[in-house]
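Visitor: So that we are looking at the same thing, I have put the structure below in structure tokens.
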Amino acid sequence: MGKRLGRKVIAKLSNPAETRFSEIKVVADARDYAKRSKKRRWVLKHLPLFLHHEDRTPGCVQAALFDHFGDSYEMRVPRVIIMEQLFPITQLTGAASAAPVYRDIVRCYEWLYKKCKILHGDISINNLMYRKSHNGIHGVLNDFDLARSRLDVGPQSKQRTGTRQFMALDLLDTKKSYSHFYRHDLESVFYVMVFHFCGHDQGKEATYPSLQDWLEVSNKALWEKKKAFLGSDMPSTTKRFAPLAIWLEELSHMFHQGYTDRKSH
């Protein structure tokens with residue numbers, strides 16, 4: 001972490017697959033489009049700000065792995081991004097601060113999907129952030145390493161991707177393969193809310209056995225747990241998130257009803 005022009009910055013190190021969209025291009029294109037109109041500039045508060053980036057040449061280890069595994073090995077791009085510091089959403093310790101930040105993030109993502117035709121592809125508790133400014137705090141959708149065009153229905157990677165405990169029910173199905181849709185990412189936001197509101201107390205993780213199980217089981221077992229979870233009684237929120245319990249109940253019912261209606265048609 002450091003400072004540049006009075007702003008705290010951090011370095012992000014990543015190794016995305018060569019076949020994937022460039023996170024740098026996704027964010028740069030979205031920011032450039034937003035800047036062209038005053039009506040769109042609101043979204044700049046909800047996107048990450050990159051100050052510098054470099055792609056490094058893959059080393060000899062990757063070449064050796066490719067020689068050994070052939071086409072089943074995905075070549076990676078070592079990447080360094082210097083970006084404005086953001087703060088984890090789990091640092092928000094109550095309903096009054098968390099609710100508008102989640103609203104910001106969902107609104108930003110809807111804009112990205114409709115206007116820039118972007119699917120995020122990896123909504124997780126580590127990728128929903130906020131920034132501080134003199135006007136307060138603003139939700140930020142971060143980490144576009146797995147982003148893709150919504151028009152591209154084919155796989156961009158040879159591996160199943162996403163953060164398992166936050167992945168939509170469809171994407172955990174071991175018997176049937178589904179394309180990744182916008183609704184799957186919205187379902188992931190719901191699971192982030194569950195982990196945040198029920199599994200965190202005053203900024204610290206609180207033990208909740210039924211949620212901890214999601215971290216340790218196979219995809220098949222996690223699919224079964226989430227299938228039973230949707231539409232059932234929600235776990236209790238921690239005290240400061242109690243006003244948002246109704247969000248969890250209504251979202252759970254909505255996703256459950258969606259899956260039920262799909263089966264009946």
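In the structure tokens, the first chain shown is A, the next is B, and so on; residue numbers restart at 1 for each chain, and ligands run from 1 in the order shown.
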Determine, for each residue of range 64-175 of chain A having at least one atom at most 7 Å from an atom of range 32-49 of chain A, the closest pair of atoms and their separation in Å to one decimal, counting only C-alpha atoms; order by chain and ascending number, as CSV.
Guide:
```
residue,atom,partner,partner_atom,distance
A:Met83,CA,A:Leu49,CA,5.7
A:Glu84,CA,A:Leu49,CA,5.7
A:Asp104,CA,A:His46,CA,6.9
A:Ile105,CA,A:His46,CA,6.8
A:Cys108,CA,A:Val43,CA,6.1
A:His138,CA,A:His46,CA,6.4
A:Gly139,CA,A:His46,CA,5.6
A:Val140,CA,A:His46,CA,4.1
A:Leu141,CA,A:Leu47,CA,5.9
A:Asn142,CA,A:Pro48,CA,6.0
```
Visitor: Could you tell me, as a PyMOL selection string, which residues of range 99-235 of chain A DSSP assigns to alpha helix (DSSP H) when given the backbone?
Guide: chain A and resi 99-115+182-199+209-212+219-229
Visitor: Report as a list in words all protein, DNA and RNA residues lying within 9 Å of range 93-103 of chain A, evaluated on only C-alpha atoms, omitting residues in the same chain fewer than 5 positions from it.
Guide: Cys108, Leu128, Met129, Tyr130, Ile137, His138, Gly139, Val140, Val189, Met193, Phe197, His200, Asp201, Gln202, Gly203, Lys204, Lys239, Arg240, Phe241, Ala242, Pro243 and Leu244 of chain A
Visitor: Pick from A:Val192, A:Leu112, A:Ala147, A:Ile89: nearest to Pro16 in chain A, with only C-alpha atoms counted?
Guide: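 Closest to Pro16 in chain A of all the choices is A:Ala147.
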Visitor: Give me every strand (DSSP E or B) residue in range 121-260 of chain A, going by DSSP on the backbone, as a count of residues only.
Guide: 18
Visitor: Find the residues around Leu171 in chain A up to 8 Å (only C-alpha atoms counted), leave out those fewer than 6 positions away in its own chain, and share them as a list of chain:residue names.
Guide: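 Near neighbours after the sequence-gap exclusion: A:Ser177, A:Tyr178, A:His180, A:His184.
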Visitor: Quick one: residues within 12 Å of Asp143 in chain A, only C-alpha atoms, excluding same-chain residues fewer than 6 positions away - as a ChimeraX atom specification?
Guide: /A:12-14,16,22-24,26-27,47-50,81,83,86,119-129,162
Visitor: Find the residues near Lys220 in chain A: any atom within 8 Å, counting only C-alpha atoms, skip ones fewer than 5 places away on the same chain, and give them as a list in words.
Guide: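 In the requested form, the answer reads Leu172, Asp173 and Thr174 of chain A.
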Visitor: Would you put the residues from that selection into a file with N, CA, C and O atoms, as a PDB file, in the first residue's frame?
Guide:
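The resulting selection_0.pdb:
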```
ATOM      1  N   LEU A 172     -23.741 -24.737 -10.053  1.00  0.00           N
ATOM      2  CA  LEU A 172     -23.197 -25.828  -9.232  1.00  0.00           C
ATOM      3  C   LEU A 172     -23.739 -27.186  -9.662  1.00  0.00           C
ATOM      4  O   LEU A 172     -23.304 -28.216  -9.146  1.00  0.00           O
ATOM      5  N   ASP A 173     -24.663 -27.170 -10.603  1.00  0.00           N
ATOM      6  CA  ASP A 173     -25.306 -28.409 -11.046  1.00  0.00           C
ATOM      7  C   ASP A 173     -24.275 -29.304 -11.733  1.00  0.00           C
ATOM      8  O   ASP A 173     -23.670 -28.911 -12.735  1.00  0.00           O
ATOM      9  N   THR A 174     -24.071 -30.499 -11.199  1.00  0.00           N
ATOM     10  CA  THR A 174     -23.087 -31.426 -11.773  1.00  0.00           C
ATOM     11  C   THR A 174     -23.679 -32.304 -12.876  1.00  0.00           C
ATOM     12  O   THR A 174     -22.957 -33.023 -13.551  1.00  0.00           O
TER      13      THR A 174
END
```
Visitor: So the first atom is CA of Tyr109 in chain A and the second is CA of Leu186 in chain A; what is the distance between them in Å, to one decimal place?
Guide: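 Computed distance, CA of Tyr109 in chain A to CA of Leu186 in chain A, equals 9.2 Å.
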Visitor: Please report the interatomic distance between CA of Lys117 in chain A and CA of Ser149 in chain A in Å with one decimal.
Guide: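 Here the two named atoms are 5.7 Å from each other.
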